[in-house]
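Colleague: Sharing target28.cif below, mmCIF, C-alpha atoms:
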data_query
#
loop_
_atom_site.label_atom_id
_atom_site.label_comp_id
_atom_site.auth_asym_id
_atom_site.auth_seq_id
_atom_site.Cartn_x
_atom_site.Cartn_y
_atom_site.Cartn_z
CA MET K 1 157.98 1.44 33.94
CA ALA K 2 158.47 3.19 37.24
CA ASP K 3 155.88 0.97 38.95
CA TRP K 4 157.91 -2.24 38.46
CA ILE K 5 160.19 -3.44 41.23
CA PRO K 6 162.11 -6.72 41.54
CA ALA K 7 160.68 -9.53 43.68
CA LYS K 8 162.79 -12.42 44.90
CA VAL K 9 161.33 -15.92 44.67
CA ILE K 10 161.23 -17.55 48.11
CA ASN K 11 159.30 -20.65 47.09
CA ASN K 12 157.50 -22.07 44.07
CA ARG K 13 154.97 -24.63 45.26
CA HIS K 14 153.66 -26.95 42.55
CA TRP K 15 150.27 -28.35 43.55
CA ASN K 16 150.03 -30.55 40.46
CA ASN K 17 151.31 -30.39 36.88
CA ASP K 18 149.86 -26.96 36.17
CA LEU K 19 148.75 -25.27 39.40
CA PHE K 20 151.44 -23.44 41.35
CA SER K 21 151.92 -20.77 44.00
CA LEU K 22 154.77 -18.28 43.98
CA VAL K 23 155.95 -16.93 47.31
CA LEU K 24 157.88 -13.69 46.84
CA GLN K 25 159.73 -11.05 48.81
CA ALA K 26 159.42 -7.44 47.65
CA ASN K 27 158.96 -4.00 49.15
CA ILE K 28 155.49 -3.28 47.75
CA GLU K 29 153.07 -0.65 48.96
CA PRO K 30 150.30 -1.65 51.42
CA PHE K 31 147.30 -3.36 49.84
CA LYS K 32 143.81 -4.53 50.82
CA ALA K 33 142.72 -8.17 50.99
CA GLY K 34 141.02 -9.05 47.71
CA GLN K 35 143.16 -6.78 45.55
CA PHE K 36 145.53 -7.91 42.80
CA THR K 37 149.05 -7.15 41.66
CA LYS K 38 150.88 -7.67 38.37
CA LEU K 39 153.86 -9.91 37.70
CA GLY K 40 156.09 -9.45 34.70
CA LEU K 41 159.21 -10.72 32.96
CA GLU K 42 161.20 -9.20 30.14
CA ILE K 43 160.84 -11.56 27.18
CA ASP K 44 162.46 -10.69 23.84
CA GLY K 45 162.86 -7.09 24.93
CA LYS K 46 159.23 -6.67 26.00
CA MET K 47 157.68 -6.68 29.46
CA ILE K 48 155.11 -9.48 29.47
CA GLN K 49 152.73 -9.01 32.39
CA ARG K 50 149.63 -10.59 33.92
CA ALA K 51 147.42 -9.77 36.89
CA TYR K 52 147.35 -12.08 39.93
CA SER K 53 145.41 -11.72 43.17
CA PHE K 54 147.16 -11.79 46.51
CA VAL K 55 146.65 -15.03 48.42
CA ASN K 56 148.47 -13.73 51.48
CA PRO K 57 146.78 -11.31 53.88
CA PRO K 58 148.06 -7.72 53.99
CA SER K 59 149.60 -8.44 57.38
CA SER K 60 152.01 -11.01 55.91
CA ASP K 61 155.62 -10.06 55.19
CA GLN K 62 155.68 -12.30 52.11
CA ILE K 63 153.68 -12.07 48.89
CA GLU K 64 151.89 -15.11 47.49
CA VAL K 65 150.04 -15.59 44.20
CA TYR K 66 148.21 -18.66 42.88
CA ALA K 67 148.40 -19.37 39.17
CA THR K 68 147.83 -21.85 36.38
CA ARG K 69 150.47 -22.76 33.83
CA VAL K 70 148.98 -22.26 30.38
CA ALA K 71 150.87 -24.54 28.00
CA ASP K 72 151.07 -22.03 25.15
CA GLY K 73 151.18 -18.93 27.36
CA LEU K 74 153.94 -16.37 27.15
CA LEU K 75 154.37 -15.77 30.88
CA SER K 76 152.88 -18.56 33.02
CA PRO K 77 155.26 -21.36 31.87
CA ARG K 78 158.22 -19.15 32.81
CA LEU K 79 156.71 -18.30 36.19
CA HIS K 80 156.01 -22.00 36.73
CA ALA K 81 159.72 -22.72 36.15
CA LEU K 82 161.09 -20.06 38.53
CA GLU K 83 163.28 -21.33 41.35
CA PRO K 84 164.07 -19.87 44.79
CA GLY K 85 166.58 -17.05 44.51
CA GLN K 86 165.48 -15.97 41.05
CA GLU K 87 163.62 -12.73 40.41
CA VAL K 88 160.41 -11.58 38.76
CA TYR K 89 159.08 -8.06 38.41
CA ILE K 90 156.07 -7.03 40.49
CA SER K 91 153.93 -3.92 40.48
CA ALA K 92 154.64 -1.85 43.58
CA ARG K 93 151.00 -0.73 43.80
CA ALA K 94 148.00 -3.01 44.14
CA ASN K 95 144.73 -2.53 42.25
CA GLY K 96 141.12 -3.63 42.42
CA TYR K 97 137.88 -3.12 44.35
CA PHE K 98 137.06 -6.74 45.14
CA THR K 99 137.41 -6.03 48.84
CA LEU K 100 135.20 -6.39 51.91
CA GLU K 101 134.88 -2.65 52.37
CA GLU K 102 132.86 -2.64 49.13
CA VAL K 103 130.44 -5.28 50.51
CA PRO K 104 127.44 -4.23 52.64
CA ASP K 105 126.79 -5.88 56.00
CA ALA K 106 124.65 -9.01 56.24
CA GLU K 107 124.13 -12.15 58.31
CA GLN K 108 125.88 -14.36 55.75
CA LEU K 109 128.80 -13.94 53.36
CA TRP K 110 128.95 -16.39 50.44
CA LEU K 111 132.32 -16.60 48.68
CA LEU K 112 132.00 -18.39 45.33
CA ALA K 113 135.11 -19.20 43.28
CA THR K 114 136.37 -21.34 40.44
CA GLY K 115 139.96 -22.54 40.12
CA THR K 116 142.71 -20.14 41.17
CA ALA K 117 140.10 -17.47 42.00
CA ILE K 118 139.97 -18.87 45.52
CA GLY K 119 143.13 -16.82 46.10
CA PRO K 120 141.56 -13.47 47.04
CA TYR K 121 139.15 -15.22 49.41
CA LEU K 122 142.06 -16.78 51.30
CA SER K 123 143.56 -13.31 51.65
CA ILE K 124 140.24 -11.95 52.96
CA LEU K 125 139.62 -14.83 55.37
CA ARG K 126 143.07 -14.59 56.94
CA GLU K 127 142.25 -11.09 58.14
CA THR K 128 139.86 -10.48 61.05
CA ASP K 129 137.31 -8.16 59.43
CA ALA K 130 135.13 -10.83 57.79
CA TRP K 131 134.77 -12.79 61.03
CA LYS K 132 133.67 -9.69 62.92
CA ARG K 133 131.08 -8.64 60.33
CA PHE K 134 129.35 -11.87 59.28
CA ARG K 135 127.72 -14.55 61.42
CA LYS K 136 128.22 -17.27 58.79
CA ILE K 137 130.71 -17.46 55.92
CA VAL K 138 130.30 -20.03 53.14
CA LEU K 139 133.39 -20.74 51.00
CA VAL K 140 132.56 -22.51 47.73
CA HIS K 141 135.41 -23.66 45.47
CA ALA K 142 134.63 -25.28 42.12
CA VAL K 143 137.29 -27.20 40.15
CA ARG K 144 137.43 -29.89 37.47
CA TYR K 145 139.36 -32.57 39.37
CA SER K 146 139.91 -33.23 43.07
CA ALA K 147 143.67 -32.73 42.57
CA ASP K 148 142.85 -29.08 41.77
CA LEU K 149 141.55 -28.45 45.32
CA SER K 150 144.67 -26.67 46.55
CA TYR K 151 145.21 -24.93 49.90
CA GLN K 152 143.40 -27.62 51.88
CA GLY K 153 145.78 -27.17 54.82
CA GLU K 154 145.06 -23.46 55.01
CA ILE K 155 141.30 -24.00 54.64
CA ASN K 156 141.27 -26.67 57.35
CA ALA K 157 143.16 -24.30 59.66
CA LEU K 158 140.44 -21.68 59.11
CA LYS K 159 137.75 -24.28 59.85
CA GLU K 160 139.47 -25.14 63.13
CA GLN K 161 139.84 -21.46 64.04
CA TYR K 162 136.24 -20.54 63.17
CA PRO K 163 134.26 -23.80 63.52
CA GLU K 164 130.93 -22.11 64.20
CA GLN K 165 131.21 -19.56 61.40
CA LEU K 166 132.89 -21.17 58.40
CA ILE K 167 131.22 -23.64 56.03
CA VAL K 168 133.33 -25.01 53.15
CA GLN K 169 131.73 -26.65 50.11
CA PRO K 170 133.88 -27.81 47.19
CA PHE K 171 132.60 -28.75 43.74
CA VAL K 172 134.35 -31.21 41.43
CA SER K 173 132.82 -31.40 37.96
CA ARG K 174 134.70 -34.13 36.07
CA GLU K 175 134.97 -37.00 38.53
CA PRO K 176 133.16 -38.29 41.63
CA ALA K 177 134.86 -36.82 44.69
CA PRO K 178 132.64 -36.85 47.80
CA PRO K 179 132.09 -34.78 49.89
CA ALA K 180 132.55 -32.41 46.95
CA LEU K 181 129.35 -31.79 45.04
CA PRO K 182 129.15 -32.64 41.33
CA GLY K 183 128.27 -30.18 38.60
CA ARG K 184 128.55 -26.40 38.54
CA ILE K 185 127.81 -23.57 40.95
CA PRO K 186 124.97 -21.83 39.02
CA HIS K 187 123.02 -25.06 38.59
CA ALA K 188 123.45 -25.93 42.28
CA ILE K 189 122.05 -22.53 43.26
CA GLU K 190 119.21 -22.71 40.76
CA ASP K 191 117.92 -26.09 41.97
CA GLY K 192 118.63 -25.44 45.66
CA MET K 193 121.29 -28.16 46.01
CA LEU K 194 123.91 -25.79 47.43
CA GLU K 195 121.56 -24.48 50.10
CA ARG K 196 120.49 -27.99 51.08
CA HIS K 197 124.06 -29.19 51.49
CA VAL K 198 125.36 -26.24 53.52
CA GLY K 199 122.18 -25.95 55.59
CA LEU K 200 121.59 -22.24 54.99
CA SER K 201 119.04 -20.29 52.99
CA LEU K 202 120.41 -17.98 50.32
CA THR K 203 118.15 -14.92 50.47
CA PRO K 204 118.57 -11.22 49.55
CA GLU K 205 117.47 -10.26 53.06
CA GLN K 206 120.37 -11.95 54.83
CA SER K 207 123.05 -12.81 52.25
CA GLN K 208 125.94 -11.04 50.56
CA ILE K 209 127.61 -12.89 47.69
CA MET K 210 131.05 -12.44 46.17
CA LEU K 211 131.68 -14.06 42.76
CA CYS K 212 135.18 -14.58 41.42
CA GLY K 213 136.60 -16.74 38.65
CA ASN K 214 135.62 -18.06 35.26
CA PRO K 215 133.63 -15.27 33.54
CA GLU K 216 131.04 -17.80 32.38
CA MET K 217 130.43 -18.94 35.95
CA VAL K 218 130.22 -15.34 37.14
CA ARG K 219 127.70 -14.37 34.43
CA GLU K 220 125.54 -17.46 34.85
CA THR K 221 125.53 -17.29 38.64
CA LYS K 222 124.66 -13.59 38.56
CA ALA K 223 121.71 -14.34 36.25
CA VAL K 224 120.45 -17.15 38.52
CA LEU K 225 120.75 -14.95 41.60
CA GLU K 226 118.96 -12.06 39.91
CA GLY K 227 116.14 -14.47 39.18
CA LYS K 228 115.92 -15.03 42.93
CA GLY K 229 115.72 -11.31 43.73
CA PHE K 230 119.39 -10.47 44.26
CA THR K 231 120.88 -7.29 42.76
CA LYS K 232 124.35 -6.21 41.74
CA ASN K 233 126.18 -4.26 44.43
CA LEU K 234 127.09 -0.74 43.35
CA ARG K 235 128.54 2.10 45.39
CA ARG K 236 125.67 4.40 44.42
CA LYS K 237 123.11 1.63 44.93
CA PRO K 238 124.13 -1.15 47.35
CA GLY K 239 123.00 -4.66 46.43
CA ASN K 240 123.89 -8.28 47.18
CA ILE K 241 126.28 -9.40 44.40
CA THR K 242 129.93 -8.26 44.21
CA MET K 243 131.83 -9.63 41.20
CA GLU K 244 135.34 -10.05 39.84
CA HIS K 245 135.99 -11.55 36.39
CA TYR K 246 139.28 -13.43 36.70
CA TRP K 247 140.37 -13.04 33.08
#
Step by step, read the file and then write its structure as structure tokens.
Modeller:
Amino acid sequence: MADWIPAKVINNRHWNNDLFSLVLQANIEPFKAGQFTKLGLEIDGKMIQRAYSFVNPPSSDQIEVYATRVADGLLSPRLHALEPGQEVYISARANGYFTLEEVPDAEQLWLLATGTAIGPYLSILRETDAWKRFRKIVLVHAVRYSADLSYQGEINALKEQYPEQLIVQPFVSREPAPPALPGRIPHAIEDGMLERHVGLSLTPEQSQIMLCGNPEMVRETKAVLEGKGFTKNLRRKPGNITMEHYW
């Protein structure tokens, strides 16, 4: 395929047994924060490919993706095993509309993610546009175990850079891990727990919400928000909810 170009592995950072981040060097075309690329390897004569969001901002000269090793997967175990100096194929052109230019203006921007879907938010937050457009930004990251809360160094750096704007609220569902909240995002919105803990009101009049991750979380959260008067954001009819199913 003409779109595939080689990417050199610069680093393969293993956060725990299954979560990892590949840092790559490749001459790809410009992209927008929030978009995704595709990685591929030739396996048994076939190009096996998967989509991965950029973690790095467009201004970076290196590419970074955040992924989970699936034990019986065709591609992810091989990506997990890549070492610096080796190569993987990458799509030269980015795709996707999960970008800030698709999101209407508001007082608050709520970024809700599960697992590796925090990646596109890190790309967005390391550009300047979000901080110019929104008075408050709430980053919510839901995982199963506290060891799955990757990128804490990068998140803490953002908190130091934007202390009056950024609020970070993790969720850990399978073990106690204060200050992370227990349970799941849709339930915490439905009963008001999320709003109480971050100290902001989630209302259609002042809030824009981006949902990214587990399709079940995205569907359930969308339904809860619609029950509170929020609407899906469409180009022809702007609303409050912008979504990306992560698989």
Colleague: Mind telling me what the PyMOL selection byres ((chain K and resi 95-110) around 10) catches here, as a ChimeraX atom specification?
Modeller: /K:31-38,51,53,91,93-94,111-113,120-121,123-124,129-131,133-140,165-167,200-212,233-235,238-244
Colleague: Can you measure CA of Val224 in chain K to CA of Gly183 in chain K for me? One decimal in Å is fine.
Modeller: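 Atom-to-atom, CA of Val224 in chain K to CA of Gly183 in chain K, that is 15.2 Å.
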Colleague: Evaluate the PyMOL selection byres ((chain K and resi 50) around 8) here and jot the selected residues down as a list of chain:residue names.
Modeller: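 After applying the PyMOL selection byres ((chain K and resi 50) around 8), what remains is K:Lys38, K:Leu39, K:Gly40, K:Ile48, K:Gln49, K:Ala51, K:Tyr52, K:Leu75.
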Colleague: Let me make sure I understand: among K:Ile189, K:Ala7, K:Val198, K:Met217, which one has the smallest atom-to-atom distance to Val168 in chain K if we use only C-alpha atoms?
Modeller: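 Checking each candidate against Val168 in chain K, we get K:Val198 as the closest.
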Colleague: Using only C-alpha atoms, which residues sit within 8 Å of Ala142 in chain K once same-chain residues fewer than 4 positions away are excluded, as a PyMOL selection string?
Modeller: chain K and resi 113-115+170-173+184-185
Colleague: Out of K:Lys8, K:Arg219, K:His141, K:Lys46, which residue has the shortest atom-to-atom distance to Ala117 in chain K when counting all atoms listed in the file?
Modeller: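 Under the stated criterion, the closest residue is K:His141.
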